[in-house]
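Source file: coords_13.cif; contents: mmCIF, N, CA and C atoms.
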data_start
loop_
_atom_site.group_PDB
_atom_site.id
_atom_site.type_symbol
_atom_site.label_atom_id
_atom_site.label_comp_id
_atom_site.auth_asym_id
_atom_site.auth_seq_id
_atom_site.Cartn_x
_atom_site.Cartn_y
_atom_site.Cartn_z
ATOM 1 N N MET A 1 -4.921 6.078 -2.210
ATOM 2 C CA MET A 1 -3.727 5.288 -2.325
ATOM 3 C C MET A 1 -3.427 4.689 -0.961
ATOM 4 N N LYS A 2 -3.009 3.422 -0.967
ATOM 5 C CA LYS A 2 -2.687 2.744 0.287
ATOM 6 C C LYS A 2 -1.208 2.374 0.293
ATOM 7 N N ILE A 3 -0.517 2.883 1.305
ATOM 8 C CA ILE A 3 0.906 2.610 1.489
ATOM 9 C C ILE A 3 1.047 1.760 2.744
ATOM 10 N N VAL A 4 1.663 0.602 2.595
ATOM 11 C CA VAL A 4 1.848 -0.306 3.727
ATOM 12 C C VAL A 4 3.329 -0.359 4.077
ATOM 13 N N LEU A 5 3.628 -0.056 5.339
ATOM 14 C CA LEU A 5 4.988 -0.170 5.854
ATOM 15 C C LEU A 5 5.048 -1.415 6.731
ATOM 16 N N VAL A 6 6.050 -2.224 6.511
ATOM 17 C CA VAL A 6 6.187 -3.476 7.248
ATOM 18 C C VAL A 6 7.458 -3.418 8.087
ATOM 19 N N CYS A 7 7.312 -3.749 9.360
ATOM 20 C CA CYS A 7 8.502 -3.850 10.208
ATOM 21 C C CYS A 7 8.405 -5.127 11.017
ATOM 22 N N PHE A 8 9.332 -5.329 11.894
ATOM 23 C CA PHE A 8 9.371 -6.585 12.638
ATOM 24 C C PHE A 8 8.162 -6.737 13.541
ATOM 25 N N ALA A 9 7.844 -5.690 14.313
ATOM 26 C CA ALA A 9 6.719 -5.781 15.243
ATOM 27 C C ALA A 9 5.623 -4.762 14.945
ATOM 28 N N GLY A 10 5.860 -3.828 14.049
ATOM 29 C CA GLY A 10 4.838 -2.848 13.706
ATOM 30 C C GLY A 10 4.873 -1.594 14.558
ATOM 31 N N MET A 11 5.758 -1.543 15.536
ATOM 32 C CA MET A 11 5.765 -0.426 16.471
ATOM 33 C C MET A 11 6.663 0.721 16.028
ATOM 34 N N SER A 12 7.905 0.425 15.693
ATOM 35 C CA SER A 12 8.838 1.501 15.365
ATOM 36 C C SER A 12 8.405 2.276 14.129
ATOM 37 N N THR A 13 7.679 1.632 13.264
ATOM 38 C CA THR A 13 7.264 2.283 12.032
ATOM 39 C C THR A 13 6.094 3.235 12.256
ATOM 40 N N SER A 14 5.410 3.122 13.359
ATOM 41 C CA SER A 14 4.256 3.991 13.629
ATOM 42 C C SER A 14 4.645 5.467 13.622
ATOM 43 N N MET A 15 5.807 5.792 14.147
ATOM 44 C CA MET A 15 6.269 7.176 14.153
ATOM 45 C C MET A 15 6.530 7.651 12.719
ATOM 46 N N LEU A 16 7.086 6.769 11.907
ATOM 47 C CA LEU A 16 7.345 7.102 10.514
ATOM 48 C C LEU A 16 6.030 7.336 9.766
ATOM 49 N N VAL A 17 5.029 6.526 10.040
ATOM 50 C CA VAL A 17 3.703 6.707 9.431
ATOM 51 C C VAL A 17 3.166 8.093 9.756
ATOM 52 N N SER A 18 3.271 8.488 10.990
ATOM 53 C CA SER A 18 2.783 9.805 11.414
ATOM 54 C C SER A 18 3.468 10.929 10.648
ATOM 55 N N ARG A 19 4.764 10.810 10.478
ATOM 56 C CA ARG A 19 5.505 11.840 9.737
ATOM 57 C C ARG A 19 5.139 11.846 8.248
ATOM 58 N N MET A 20 4.926 10.668 7.705
ATOM 59 C CA MET A 20 4.511 10.581 6.299
ATOM 60 C C MET A 20 3.132 11.192 6.103
ATOM 61 N N GLU A 21 2.238 10.934 7.032
ATOM 62 C CA GLU A 21 0.879 11.487 6.941
ATOM 63 C C GLU A 21 0.905 13.008 6.957
ATOM 64 N N LYS A 22 1.750 13.582 7.806
ATOM 65 C CA LYS A 22 1.856 15.046 7.866
ATOM 66 C C LYS A 22 2.332 15.621 6.533
ATOM 67 N N VAL A 23 3.307 14.967 5.921
ATOM 68 C CA VAL A 23 3.817 15.428 4.625
ATOM 69 C C VAL A 23 2.730 15.288 3.560
ATOM 70 N N ALA A 24 2.015 14.163 3.576
ATOM 71 C CA ALA A 24 0.954 13.932 2.591
ATOM 72 C C ALA A 24 -0.134 15.001 2.713
ATOM 73 N N ILE A 25 -0.525 15.322 3.921
ATOM 74 C CA ILE A 25 -1.551 16.349 4.147
ATOM 75 C C ILE A 25 -1.052 17.695 3.629
ATOM 76 N N LYS A 26 0.193 18.019 3.956
ATOM 77 C CA LYS A 26 0.782 19.285 3.516
ATOM 78 C C LYS A 26 0.790 19.398 1.994
ATOM 79 N N ARG A 27 0.998 18.272 1.313
ATOM 80 C CA ARG A 27 1.050 18.259 -0.149
ATOM 81 C C ARG A 27 -0.324 18.066 -0.798
ATOM 82 N N GLY A 28 -1.340 17.835 0.024
ATOM 83 C CA GLY A 28 -2.673 17.614 -0.522
ATOM 84 C C GLY A 28 -2.843 16.232 -1.144
ATOM 85 N N ILE A 29 -2.090 15.257 -0.635
ATOM 86 C CA ILE A 29 -2.160 13.887 -1.144
ATOM 87 C C ILE A 29 -3.041 13.057 -0.219
ATOM 88 N N GLU A 30 -4.034 12.404 -0.803
ATOM 89 C CA GLU A 30 -4.880 11.504 -0.018
ATOM 90 C C GLU A 30 -4.204 10.145 0.030
ATOM 91 N N ALA A 31 -3.823 9.733 1.221
ATOM 92 C CA ALA A 31 -3.133 8.451 1.357
ATOM 93 C C ALA A 31 -3.533 7.776 2.655
ATOM 94 N N ASP A 32 -3.756 6.482 2.565
ATOM 95 C CA ASP A 32 -3.972 5.636 3.727
ATOM 96 C C ASP A 32 -2.632 4.965 3.971
ATOM 97 N N ILE A 33 -1.953 5.372 5.033
ATOM 98 C CA ILE A 33 -0.617 4.861 5.328
ATOM 99 C C ILE A 33 -0.703 4.061 6.625
ATOM 100 N N ILE A 34 -0.333 2.780 6.550
ATOM 101 C CA ILE A 34 -0.415 1.937 7.747
ATOM 102 C C ILE A 34 0.911 1.234 7.994
ATOM 103 N N ALA A 35 1.146 0.901 9.261
ATOM 104 C CA ALA A 35 2.317 0.125 9.660
ATOM 105 C C ALA A 35 1.821 -1.199 10.228
ATOM 106 N N ILE A 36 2.426 -2.272 9.757
ATOM 107 C CA ILE A 36 2.036 -3.595 10.235
ATOM 108 C C ILE A 36 3.272 -4.438 10.512
ATOM 109 N N PRO A 37 3.125 -5.410 11.416
ATOM 110 C CA PRO A 37 4.228 -6.357 11.593
ATOM 111 C C PRO A 37 4.266 -7.322 10.407
ATOM 112 N N ALA A 38 5.419 -7.865 10.136
ATOM 113 C CA ALA A 38 5.588 -8.768 8.996
ATOM 114 C C ALA A 38 4.606 -9.935 9.029
ATOM 115 N N THR A 39 4.216 -10.361 10.211
ATOM 116 C CA THR A 39 3.311 -11.499 10.330
ATOM 117 C C THR A 39 1.900 -11.207 9.809
ATOM 118 N N GLU A 40 1.558 -9.924 9.634
ATOM 119 C CA GLU A 40 0.212 -9.568 9.174
ATOM 120 C C GLU A 40 0.159 -9.159 7.704
ATOM 121 N N ILE A 41 1.229 -9.344 6.986
ATOM 122 C CA ILE A 41 1.303 -8.890 5.597
ATOM 123 C C ILE A 41 0.194 -9.489 4.741
ATOM 124 N N TYR A 42 -0.130 -10.748 4.962
ATOM 125 C CA TYR A 42 -1.128 -11.415 4.123
ATOM 126 C C TYR A 42 -2.546 -10.924 4.408
ATOM 127 N N ASP A 43 -2.774 -10.385 5.582
ATOM 128 C CA ASP A 43 -4.105 -9.894 5.951
ATOM 129 C C ASP A 43 -4.338 -8.452 5.540
ATOM 130 N N GLU A 44 -3.284 -7.670 5.459
ATOM 131 C CA GLU A 44 -3.430 -6.228 5.307
ATOM 132 C C GLU A 44 -2.959 -5.642 3.979
ATOM 133 N N ALA A 45 -2.186 -6.368 3.218
ATOM 134 C CA ALA A 45 -1.505 -5.733 2.090
ATOM 135 C C ALA A 45 -2.056 -6.081 0.711
ATOM 136 N N GLU A 46 -3.046 -6.915 0.638
ATOM 137 C CA GLU A 46 -3.579 -7.345 -0.653
ATOM 138 C C GLU A 46 -4.063 -6.179 -1.514
ATOM 139 N N ASP A 47 -4.586 -5.135 -0.881
ATOM 140 C CA ASP A 47 -5.116 -3.984 -1.622
ATOM 141 C C ASP A 47 -4.183 -2.773 -1.590
ATOM 142 N N ALA A 48 -2.920 -3.015 -1.240
ATOM 143 C CA ALA A 48 -1.941 -1.920 -1.165
ATOM 144 C C ALA A 48 -1.539 -1.449 -2.554
ATOM 145 N N ASP A 49 -1.153 -0.191 -2.634
ATOM 146 C CA ASP A 49 -0.574 0.347 -3.866
ATOM 147 C C ASP A 49 0.941 0.187 -3.862
ATOM 148 N N VAL A 50 1.513 0.103 -2.670
ATOM 149 C CA VAL A 50 2.952 -0.104 -2.528
ATOM 150 C C VAL A 50 3.204 -0.691 -1.130
ATOM 151 N N ILE A 51 4.232 -1.530 -1.035
ATOM 152 C CA ILE A 51 4.639 -2.103 0.249
ATOM 153 C C ILE A 51 6.103 -1.746 0.461
ATOM 154 N N LEU A 52 6.382 -1.115 1.585
ATOM 155 C CA LEU A 52 7.755 -0.754 1.939
ATOM 156 C C LEU A 52 8.150 -1.494 3.206
ATOM 157 N N LEU A 53 9.299 -2.137 3.161
ATOM 158 C CA LEU A 53 9.789 -2.883 4.315
ATOM 159 C C LEU A 53 10.785 -2.044 5.090
ATOM 160 N N GLY A 54 10.622 -2.034 6.409
ATOM 161 C CA GLY A 54 11.629 -1.411 7.250
ATOM 162 C C GLY A 54 12.900 -2.245 7.171
ATOM 163 N N PRO A 55 14.052 -1.637 7.441
ATOM 164 C CA PRO A 55 15.315 -2.380 7.339
ATOM 165 C C PRO A 55 15.328 -3.665 8.159
ATOM 166 N N GLN A 56 14.647 -3.654 9.306
ATOM 167 C CA GLN A 56 14.618 -4.837 10.167
ATOM 168 C C GLN A 56 13.761 -5.959 9.589
ATOM 169 N N ALA A 57 12.962 -5.658 8.565
ATOM 170 C CA ALA A 57 12.124 -6.671 7.915
ATOM 171 C C ALA A 57 12.667 -7.051 6.543
ATOM 172 N N ARG A 58 13.879 -6.632 6.258
ATOM 173 C CA ARG A 58 14.520 -6.899 4.969
ATOM 174 C C ARG A 58 14.525 -8.398 4.642
ATOM 175 N N TYR A 59 14.624 -9.226 5.657
ATOM 176 C CA TYR A 59 14.685 -10.675 5.456
ATOM 177 C C TYR A 59 13.422 -11.225 4.783
ATOM 178 N N THR A 60 12.329 -10.476 4.794
ATOM 179 C CA THR A 60 11.078 -10.944 4.189
ATOM 180 C C THR A 60 10.916 -10.484 2.739
ATOM 181 N N LEU A 61 11.897 -9.778 2.193
ATOM 182 C CA LEU A 61 11.761 -9.161 0.873
ATOM 183 C C LEU A 61 11.324 -10.153 -0.212
ATOM 184 N N ASP A 62 12.017 -11.277 -0.341
ATOM 185 C CA ASP A 62 11.671 -12.233 -1.389
ATOM 186 C C ASP A 62 10.260 -12.783 -1.204
ATOM 187 N N GLU A 63 9.920 -13.092 0.024
ATOM 188 C CA GLU A 63 8.592 -13.640 0.325
ATOM 189 C C GLU A 63 7.489 -12.613 0.033
ATOM 190 N N VAL A 64 7.711 -11.363 0.419
ATOM 191 C CA VAL A 64 6.715 -10.316 0.194
ATOM 192 C C VAL A 64 6.589 -10.022 -1.304
ATOM 193 N N LYS A 65 7.695 -10.010 -2.022
ATOM 194 C CA LYS A 65 7.627 -9.800 -3.470
ATOM 195 C C LYS A 65 6.820 -10.908 -4.145
ATOM 196 N N LYS A 66 7.017 -12.132 -3.694
ATOM 197 C CA LYS A 66 6.271 -13.261 -4.243
ATOM 198 C C LYS A 66 4.773 -13.095 -3.975
ATOM 199 N N PHE A 67 4.430 -12.675 -2.757
ATOM 200 C CA PHE A 67 3.033 -12.430 -2.394
ATOM 201 C C PHE A 67 2.438 -11.299 -3.236
ATOM 202 N N ALA A 68 3.193 -10.227 -3.419
ATOM 203 C CA ALA A 68 2.688 -9.012 -4.063
ATOM 204 C C ALA A 68 2.650 -9.106 -5.586
ATOM 205 N N SER A 69 3.443 -9.974 -6.156
ATOM 206 C CA SER A 69 3.570 -10.069 -7.602
ATOM 207 C C SER A 69 2.241 -10.249 -8.352
ATOM 208 N N PRO A 70 1.370 -11.165 -7.948
ATOM 209 C CA PRO A 70 0.110 -11.331 -8.676
ATOM 210 C C PRO A 70 -0.776 -10.081 -8.643
ATOM 211 N N TYR A 71 -0.602 -9.258 -7.618
ATOM 212 C CA TYR A 71 -1.386 -8.029 -7.474
ATOM 213 C C TYR A 71 -0.694 -6.824 -8.112
ATOM 214 N N LYS A 72 0.513 -7.065 -8.642
ATOM 215 C CA LYS A 72 1.327 -6.003 -9.256
ATOM 216 C C LYS A 72 1.608 -4.855 -8.272
ATOM 217 N N ILE A 73 1.891 -5.229 -7.026
ATOM 218 C CA ILE A 73 2.215 -4.251 -5.986
ATOM 219 C C ILE A 73 3.735 -4.138 -5.893
ATOM 220 N N PRO A 74 4.276 -2.932 -6.098
ATOM 221 C CA PRO A 74 5.726 -2.776 -5.945
ATOM 222 C C PRO A 74 6.143 -2.923 -4.478
ATOM 223 N N VAL A 75 7.305 -3.528 -4.274
ATOM 224 C CA VAL A 75 7.839 -3.779 -2.929
ATOM 225 C C VAL A 75 9.296 -3.344 -2.917
ATOM 226 N N ASP A 76 9.696 -2.669 -1.847
ATOM 227 C CA ASP A 76 11.110 -2.302 -1.699
ATOM 228 C C ASP A 76 11.426 -2.150 -0.218
ATOM 229 N N VAL A 77 12.718 -2.062 0.069
ATOM 230 C CA VAL A 77 13.194 -1.886 1.441
ATOM 231 C C VAL A 77 13.579 -0.421 1.636
ATOM 232 N N ILE A 78 13.138 0.159 2.728
ATOM 233 C CA ILE A 78 13.485 1.544 3.062
ATOM 234 C C ILE A 78 14.960 1.590 3.463
ATOM 235 N N ASP A 79 15.684 2.529 2.895
ATOM 236 C CA ASP A 79 17.096 2.712 3.234
ATOM 237 C C ASP A 79 17.239 2.925 4.745
ATOM 238 N N SER A 80 18.214 2.220 5.348
ATOM 239 C CA SER A 80 18.366 2.306 6.808
ATOM 240 C C SER A 80 18.641 3.704 7.325
ATOM 241 N N ARG A 81 19.358 4.483 6.541
ATOM 242 C CA ARG A 81 19.665 5.863 6.959
ATOM 243 C C ARG A 81 18.391 6.697 7.004
ATOM 244 N N ILE A 82 17.583 6.591 5.961
ATOM 245 C CA ILE A 82 16.321 7.345 5.909
ATOM 246 C C ILE A 82 15.391 6.873 7.015
ATOM 247 N N TYR A 83 15.354 5.558 7.210
ATOM 248 C CA TYR A 83 14.504 4.998 8.259
ATOM 249 C C TYR A 83 14.961 5.483 9.637
ATOM 250 N N GLY A 84 16.264 5.425 9.865
ATOM 251 C CA GLY A 84 16.820 5.841 11.153
ATOM 252 C C GLY A 84 16.545 7.304 11.463
ATOM 253 N N MET A 85 16.505 8.134 10.424
ATOM 254 C CA MET A 85 16.214 9.557 10.609
ATOM 255 C C MET A 85 14.706 9.818 10.691
ATOM 256 N N MET A 86 13.906 8.749 10.460
ATOM 257 C CA MET A 86 12.451 8.877 10.452
ATOM 258 C C MET A 86 12.024 9.988 9.489
ATOM 259 N N ASP A 87 12.624 9.962 8.298
ATOM 260 C CA ASP A 87 12.391 10.985 7.278
ATOM 261 C C ASP A 87 11.119 10.647 6.491
ATOM 262 N N GLY A 88 9.993 11.098 7.001
ATOM 263 C CA GLY A 88 8.703 10.819 6.389
ATOM 264 C C GLY A 88 8.587 11.320 4.970
ATOM 265 N N GLU A 89 9.206 12.451 4.687
ATOM 266 C CA GLU A 89 9.141 13.011 3.338
ATOM 267 C C GLU A 89 9.865 12.110 2.339
ATOM 268 N N ALA A 90 11.057 11.654 2.701
ATOM 269 C CA ALA A 90 11.833 10.798 1.793
ATOM 270 C C ALA A 90 11.130 9.460 1.558
ATOM 271 N N VAL A 91 10.532 8.909 2.599
ATOM 272 C CA VAL A 91 9.850 7.620 2.450
ATOM 273 C C VAL A 91 8.572 7.791 1.622
ATOM 274 N N LEU A 92 7.858 8.885 1.830
ATOM 275 C CA LEU A 92 6.670 9.149 1.011
ATOM 276 C C LEU A 92 7.075 9.315 -0.455
ATOM 277 N N ASP A 93 8.151 10.042 -0.707
ATOM 278 C CA ASP A 93 8.639 10.211 -2.082
ATOM 279 C C ASP A 93 9.007 8.862 -2.696
ATOM 280 N N MET A 94 9.615 7.994 -1.910
ATOM 281 C CA MET A 94 9.976 6.667 -2.381
ATOM 282 C C MET A 94 8.718 5.880 -2.775
ATOM 283 N N ALA A 95 7.710 5.946 -1.926
ATOM 284 C CA ALA A 95 6.448 5.243 -2.203
ATOM 285 C C ALA A 95 5.800 5.777 -3.470
ATOM 286 N N LEU A 96 5.750 7.097 -3.604
ATOM 287 C CA LEU A 96 5.123 7.697 -4.777
ATOM 288 C C LEU A 96 5.864 7.325 -6.061
ATOM 289 N N GLU A 97 7.187 7.294 -5.992
ATOM 290 C CA GLU A 97 7.970 6.922 -7.169
ATOM 291 C C GLU A 97 7.708 5.471 -7.574
ATOM 292 N N LEU A 98 7.659 4.578 -6.592
ATOM 293 C CA LEU A 98 7.396 3.168 -6.894
ATOM 294 C C LEU A 98 6.004 3.001 -7.508
ATOM 295 N N ILE A 99 5.033 3.737 -6.989
ATOM 296 C CA ILE A 99 3.675 3.643 -7.526
ATOM 297 C C ILE A 99 3.636 4.173 -8.959
ATOM 298 N N SER A 100 4.326 5.274 -9.216
ATOM 299 C CA SER A 100 4.288 5.860 -10.556
ATOM 300 C C SER A 100 5.017 4.994 -11.584
ATOM 301 N N ASN A 101 5.934 4.143 -11.131
ATOM 302 C CA ASN A 101 6.697 3.296 -12.046
ATOM 303 C C ASN A 101 6.065 1.918 -12.280
ATOM 304 N N LYS A 102 4.945 1.642 -11.621
ATOM 305 C CA LYS A 102 4.401 0.277 -11.777
ATOM 306 C C LYS A 102 3.604 0.106 -13.039
#
Step by step, read the file and then write its structure as structure tokens.
Amino acid sequence: MKIVLVCFAGMSTSMLVSRMEKVAIKRGIEADIIAIPATEIYDEAEDADVILLGPQARYTLDEVKKFASPYKIPVDVIDSRIYGMMDGEAVLDMALELISNK
């Protein structure tokens, strides 16, 4: 499973990716979790199972949904509180729920 996190520059989300990976390993979930800047969405997300936008990339939601629609990739914005707490478990749960509902 490939989970793509999108933020403004791709940097702040790297810490969140690390925390999500630790939770995934603990749960025995095989996941490729990457963080990218919004400008690279078209190069990196075509084969994603889910795309999550950091709160700072919320402005790209409509554009990313339009891009992801033909691939049937669910897209959502990470809650700012969860993002601010860098809660890898909550974000991983969000990704898994979106994937299971597609």
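The result of the PyMOL selection byres ((chain A and resi 75) around 8) on the shown file is Asp49, Val50, Ile51, Leu52, Leu53, Leu61, Val64, Lys65, Ala68, Ser69, Lys72, Ile73, Pro74, Asp76, Val77, Ile78 and Leu98 of chain A.
Computed from the coordinates, the atom C of Ala95 (chain A) to CA of Phe8 (chain A) distance equals 20.6 Å.
Atom C of Tyr71 (chain A) is found 23.2 Å from CA of Met20 (chain A).
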Where does the PyMOL selection byres (((chain A and resi 28-41 and name CA) around 6) and name CA) land in this file, that is, which residues does it pick, as an mmCIF file with N, CA and C atoms, keeping the file's coordinate frame?
data_model
loop_
_atom_site.group_PDB
_atom_site.id
_atom_site.type_symbol
_atom_site.label_atom_id
_atom_site.label_comp_id
_atom_site.auth_asym_id
_atom_site.auth_seq_id
_atom_site.Cartn_x
_atom_site.Cartn_y
_atom_site.Cartn_z
ATOM 1 N N MET A 1 -4.921 6.078 -2.210
ATOM 2 C CA MET A 1 -3.727 5.288 -2.325
ATOM 3 C C MET A 1 -3.427 4.689 -0.961
ATOM 4 N N LYS A 2 -3.009 3.422 -0.967
ATOM 5 C CA LYS A 2 -2.687 2.744 0.287
ATOM 6 C C LYS A 2 -1.208 2.374 0.293
ATOM 7 N N ILE A 3 -0.517 2.883 1.305
ATOM 8 C CA ILE A 3 0.906 2.610 1.489
ATOM 9 C C ILE A 3 1.047 1.760 2.744
ATOM 10 N N VAL A 4 1.663 0.602 2.595
ATOM 11 C CA VAL A 4 1.848 -0.306 3.727
ATOM 12 C C VAL A 4 3.329 -0.359 4.077
ATOM 13 N N LEU A 5 3.628 -0.056 5.339
ATOM 14 C CA LEU A 5 4.988 -0.170 5.854
ATOM 15 C C LEU A 5 5.048 -1.415 6.731
ATOM 16 N N VAL A 6 6.050 -2.224 6.511
ATOM 17 C CA VAL A 6 6.187 -3.476 7.248
ATOM 18 C C VAL A 6 7.458 -3.418 8.087
ATOM 19 N N CYS A 7 7.312 -3.749 9.360
ATOM 20 C CA CYS A 7 8.502 -3.850 10.208
ATOM 21 C C CYS A 7 8.405 -5.127 11.017
ATOM 22 N N PHE A 8 9.332 -5.329 11.894
ATOM 23 C CA PHE A 8 9.371 -6.585 12.638
ATOM 24 C C PHE A 8 8.162 -6.737 13.541
ATOM 25 N N ALA A 9 7.844 -5.690 14.313
ATOM 26 C CA ALA A 9 6.719 -5.781 15.243
ATOM 27 C C ALA A 9 5.623 -4.762 14.945
ATOM 28 N N GLY A 10 5.860 -3.828 14.049
ATOM 29 C CA GLY A 10 4.838 -2.848 13.706
ATOM 30 C C GLY A 10 4.873 -1.594 14.558
ATOM 31 N N THR A 13 7.679 1.632 13.264
ATOM 32 C CA THR A 13 7.264 2.283 12.032
ATOM 33 C C THR A 13 6.094 3.235 12.256
ATOM 34 N N SER A 14 5.410 3.122 13.359
ATOM 35 C CA SER A 14 4.256 3.991 13.629
ATOM 36 C C SER A 14 4.645 5.467 13.622
ATOM 37 N N ALA A 24 2.015 14.163 3.576
ATOM 38 C CA ALA A 24 0.954 13.932 2.591
ATOM 39 C C ALA A 24 -0.134 15.001 2.713
ATOM 40 N N ILE A 25 -0.525 15.322 3.921
ATOM 41 C CA ILE A 25 -1.551 16.349 4.147
ATOM 42 C C ILE A 25 -1.052 17.695 3.629
ATOM 43 N N LYS A 26 0.193 18.019 3.956
ATOM 44 C CA LYS A 26 0.782 19.285 3.516
ATOM 45 C C LYS A 26 0.790 19.398 1.994
ATOM 46 N N ARG A 27 0.998 18.272 1.313
ATOM 47 C CA ARG A 27 1.050 18.259 -0.149
ATOM 48 C C ARG A 27 -0.324 18.066 -0.798
ATOM 49 N N TYR A 42 -0.130 -10.748 4.962
ATOM 50 C CA TYR A 42 -1.128 -11.415 4.123
ATOM 51 C C TYR A 42 -2.546 -10.924 4.408
ATOM 52 N N ASP A 43 -2.774 -10.385 5.582
ATOM 53 C CA ASP A 43 -4.105 -9.894 5.951
ATOM 54 C C ASP A 43 -4.338 -8.452 5.540
ATOM 55 N N GLU A 44 -3.284 -7.670 5.459
ATOM 56 C CA GLU A 44 -3.430 -6.228 5.307
ATOM 57 C C GLU A 44 -2.959 -5.642 3.979
ATOM 58 N N ALA A 45 -2.186 -6.368 3.218
ATOM 59 C CA ALA A 45 -1.505 -5.733 2.090
ATOM 60 C C ALA A 45 -2.056 -6.081 0.711
#
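Excluding region 81-84 of chain A itself and any same-chain residue fewer than 5 positions from it, the protein and nucleic acid residues within 8 Å of it, counting only C-alpha atoms, are Leu16, Gly54, Pro55, Ala90 and Val91 of chain A.
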Would you work out the distance separating CA of Tyr59 (chain A) from atom N of Met15 (chain A), expressed in Å to one decimal?
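These atoms are spaced 20.6 Å apart.
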For the alpha helix (DSSP H) assignment from backbone DSSP, which residues of chain A qualify? Please present them as a PyMOL selection string.
chain A and resi 12-27+41-44+61-68+80-84+88-100
For the strand (DSSP E) assignment from backbone DSSP, which residues of chain A qualify? Please present them as a VMD selection string.
chain A and resid 2 to 7 32 to 37 50 to 53 75 to 77
Of the listed residues A:Glu46, A:Ser80, A:Ser100, A:Arg19, that which approaches Phe67 (chain A) most closely, counting all atoms listed in the file:
A:Glu46
Written-out region 31-50 of chain A (N, CA and C atoms) as a PDB file, in the first residue's frame:
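And here is the file that came out, decode-v2.pdb:
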ATOM      1  N   ALA A  31       3.592  -0.862   4.325  1.00  0.00           N
ATOM      2  CA  ALA A  31       3.163   0.394   3.709  1.00  0.00           C
ATOM      3  C   ALA A  31       4.368   1.189   3.246  1.00  0.00           C
ATOM      4  N   ASP A  32       4.242   1.757   2.066  1.00  0.00           N
ATOM      5  CA  ASP A  32       5.212   2.700   1.536  1.00  0.00           C
ATOM      6  C   ASP A  32       4.603   4.067   1.794  1.00  0.00           C
ATOM      7  N   ILE A  33       5.174   4.797   2.739  1.00  0.00           N
ATOM      8  CA  ILE A  33       4.631   6.094   3.136  1.00  0.00           C
ATOM      9  C   ILE A  33       5.651   7.162   2.746  1.00  0.00           C
ATOM     10  N   ILE A  34       5.219   8.106   1.907  1.00  0.00           N
ATOM     11  CA  ILE A  34       6.146   9.151   1.461  1.00  0.00           C
ATOM     12  C   ILE A  34       5.543  10.530   1.687  1.00  0.00           C
ATOM     13  N   ALA A  35       6.426  11.513   1.841  1.00  0.00           N
ATOM     14  CA  ALA A  35       6.023  12.912   1.958  1.00  0.00           C
ATOM     15  C   ALA A  35       6.587  13.656   0.754  1.00  0.00           C
ATOM     16  N   ILE A  36       5.726  14.429   0.120  1.00  0.00           N
ATOM     17  CA  ILE A  36       6.158  15.194  -1.046  1.00  0.00           C
ATOM     18  C   ILE A  36       5.610  16.612  -0.974  1.00  0.00           C
ATOM     19  N   PRO A  37       6.311  17.542  -1.627  1.00  0.00           N
ATOM     20  CA  PRO A  37       5.738  18.886  -1.736  1.00  0.00           C
ATOM     21  C   PRO A  37       4.603  18.873  -2.760  1.00  0.00           C
ATOM     22  N   ALA A  38       3.684  19.786  -2.621  1.00  0.00           N
ATOM     23  CA  ALA A  38       2.524  19.844  -3.513  1.00  0.00           C
ATOM     24  C   ALA A  38       2.927  19.917  -4.983  1.00  0.00           C
ATOM     25  N   THR A  39       4.063  20.515  -5.268  1.00  0.00           N
ATOM     26  CA  THR A  39       4.498  20.663  -6.653  1.00  0.00           C
ATOM     27  C   THR A  39       4.864  19.333  -7.318  1.00  0.00           C
ATOM     28  N   GLU A  40       5.074  18.278  -6.519  1.00  0.00           N
ATOM     29  CA  GLU A  40       5.465  16.983  -7.083  1.00  0.00           C
ATOM     30  C   GLU A  40       4.325  15.967  -7.123  1.00  0.00           C
ATOM     31  N   ILE A  41       3.126  16.393  -6.845  1.00  0.00           N
ATOM     32  CA  ILE A  41       1.992  15.472  -6.759  1.00  0.00           C
ATOM     33  C   ILE A  41       1.798  14.685  -8.050  1.00  0.00           C
ATOM     34  N   TYR A  42       1.989  15.325  -9.186  1.00  0.00           N
ATOM     35  CA  TYR A  42       1.740  14.655 -10.465  1.00  0.00           C
ATOM     36  C   TYR A  42       2.808  13.611 -10.789  1.00  0.00           C
ATOM     37  N   ASP A  43       3.979  13.745 -10.213  1.00  0.00           N
ATOM     38  CA  ASP A  43       5.068  12.799 -10.470  1.00  0.00           C
ATOM     39  C   ASP A  43       5.043  11.602  -9.537  1.00  0.00           C
ATOM     40  N   GLU A  44       4.512  11.775  -8.348  1.00  0.00           N
ATOM     41  CA  GLU A  44       4.656  10.764  -7.308  1.00  0.00           C
ATOM     42  C   GLU A  44       3.376  10.050  -6.883  1.00  0.00           C
ATOM     43  N   ALA A  45       2.229  10.581  -7.213  1.00  0.00           N
ATOM     44  CA  ALA A  45       1.008  10.073  -6.587  1.00  0.00           C
ATOM     45  C   ALA A  45       0.113   9.229  -7.488  1.00  0.00           C
ATOM     46  N   GLU A  46       0.474   9.049  -8.719  1.00  0.00           N
ATOM     47  CA  GLU A  46      -0.369   8.309  -9.655  1.00  0.00           C
ATOM     48  C   GLU A  46      -0.669   6.885  -9.187  1.00  0.00           C
ATOM     49  N   ASP A  47       0.279   6.264  -8.493  1.00  0.00           N
ATOM     50  CA  ASP A  47       0.101   4.881  -8.035  1.00  0.00           C
ATOM     51  C   ASP A  47      -0.214   4.784  -6.542  1.00  0.00           C
ATOM     52  N   ALA A  48      -0.636   5.905  -5.958  1.00  0.00           N
ATOM     53  CA  ALA A  48      -0.956   5.927  -4.521  1.00  0.00           C
ATOM     54  C   ALA A  48      -2.265   5.205  -4.242  1.00  0.00           C
ATOM     55  N   ASP A  49      -2.373   4.677  -3.039  1.00  0.00           N
ATOM     56  CA  ASP A  49      -3.638   4.108  -2.571  1.00  0.00           C
ATOM     57  C   ASP A  49      -4.473   5.167  -1.861  1.00  0.00           C
ATOM     58  N   VAL A  50      -3.801   6.182  -1.339  1.00  0.00           N
ATOM     59  CA  VAL A  50      -4.486   7.289  -0.678  1.00  0.00           C
ATOM     60  C   VAL A  50      -3.537   8.499  -0.687  1.00  0.00           C
TER      61      VAL A  50
END
